[in-house]
Amino acid sequence: MLDLNYVRDNLDSVRAALAQRSMPATALDDFARADAERRRVIAESDQLNAERNTASREIGALMKDGKREEADARRKAVNELKERIADLDRNREEAETRMRELLSTLPNIPHESVPVGADESANVEVRRWGTKPEFDFEPKDHVDLGNALGILDLERATKITGARFAILNGAGARLSRALIDFMLDLHTREHGYQETLPPFIVNRESLFGTGQLPKFEEDLFKLEDDRGFYLIPTAEVPVTNY
């Protein structure tokens, strides 16, 4: 999430940077209004607190001089100030909550080195590794190959779950498992990483911390209870929080 103070102090530059990502300025406009409201209530609250402190001193002096009725009248006014200050504190908290909610919906600001473009045609090739293979025949799509070899079953996976899911059979399943083992073995034995098996269910705070919430609320699988538990979308969530 973008830093609140940074956005507040650099609103125009943040607006321009997000415009490069085709991000509407509505959220920033709301942020600016919430920030203005927060500043207003803080200023009014400070003024009323100063008035309350002054009145409290006056009440003490009136009581000392035996002017009880005047002191009672001033005390009533002080109580009204306290109620107003409490209202302002609630308004400030609401404005700050609104500001944090708005910031949680904003994407990261692109680095100055990133080219600006409307689509992928503006992407810049940084480097190329290896040589693109050339064939003396028309290569088949991996789905066609998988179906022909009997290692991929999309039709029944769709019946079991839905579109865009797959079942791997035989060599396909073994290949998937082998790739997982290869990746883990390579990085834990040669690159200094430690293998870990985190929970596949996390709380709302963990998802918020890695940016899945609130943006992807509708795309996540949530447990139907009051604990706010979700199934993780990727290992990024529990590992990053860990």
# chains A, B, ... in the order shown; residues from 1 in each chain; ligands from 1
call {"tool": "select_by_dssp", "arguments": {"residues": "range 7-237 of chain A", "states": "strand (DSSP E or B)", "output": "MDAnalysis selection string"}}
result
chainID A and resid 152:153 167:168 201:203 222 229:231
call {"tool": "residues_around", "arguments": {"residues": "Ile85 in chain A", "least_positions_apart": "3", "cutoff": "12 Å", "atoms": "only C-alpha atoms", "output": "NGL selection string"}}
result
:A and (41-52 or 78-82 or 88-92)
call {"tool": "residues_around", "arguments": {"residues": "range 221-226 of chain A", "least_positions_apart": "3", "cutoff": "10 Å", "atoms": "only C-alpha atoms", "output": "PyMOL selection string"}}
result
chain A and resi 201-204+217-218+229-233
call {"tool": "residues_around", "arguments": {"residues": "range 18-24 of chain A", "least_positions_apart": "4", "cutoff": "7 Å", "atoms": "only C-alpha atoms", "output": "list in words"}}
result
Val14, Ile109 and Val116 of chain A
call {"tool": "select_by_dssp", "arguments": {"residues": "range 57-214 of chain A", "states": "helix (DSSP H, G or I)", "output": "PyMOL selection string"}}
result
chain A and resi 57-64+68-103+120-122+142-149+154-160+171-190+204-209
call {"tool": "atom_distance", "arguments": {"atom1": "CA of Arg100 in chain A", "atom2": "CA of Asp3 in chain A"}}
result
9.5 Å
call {"tool": "atom_distance", "arguments": {"atom1": "CA of Thr158 in chain A", "atom2": "CA of Met183 in chain A"}}
result
28.5 Å
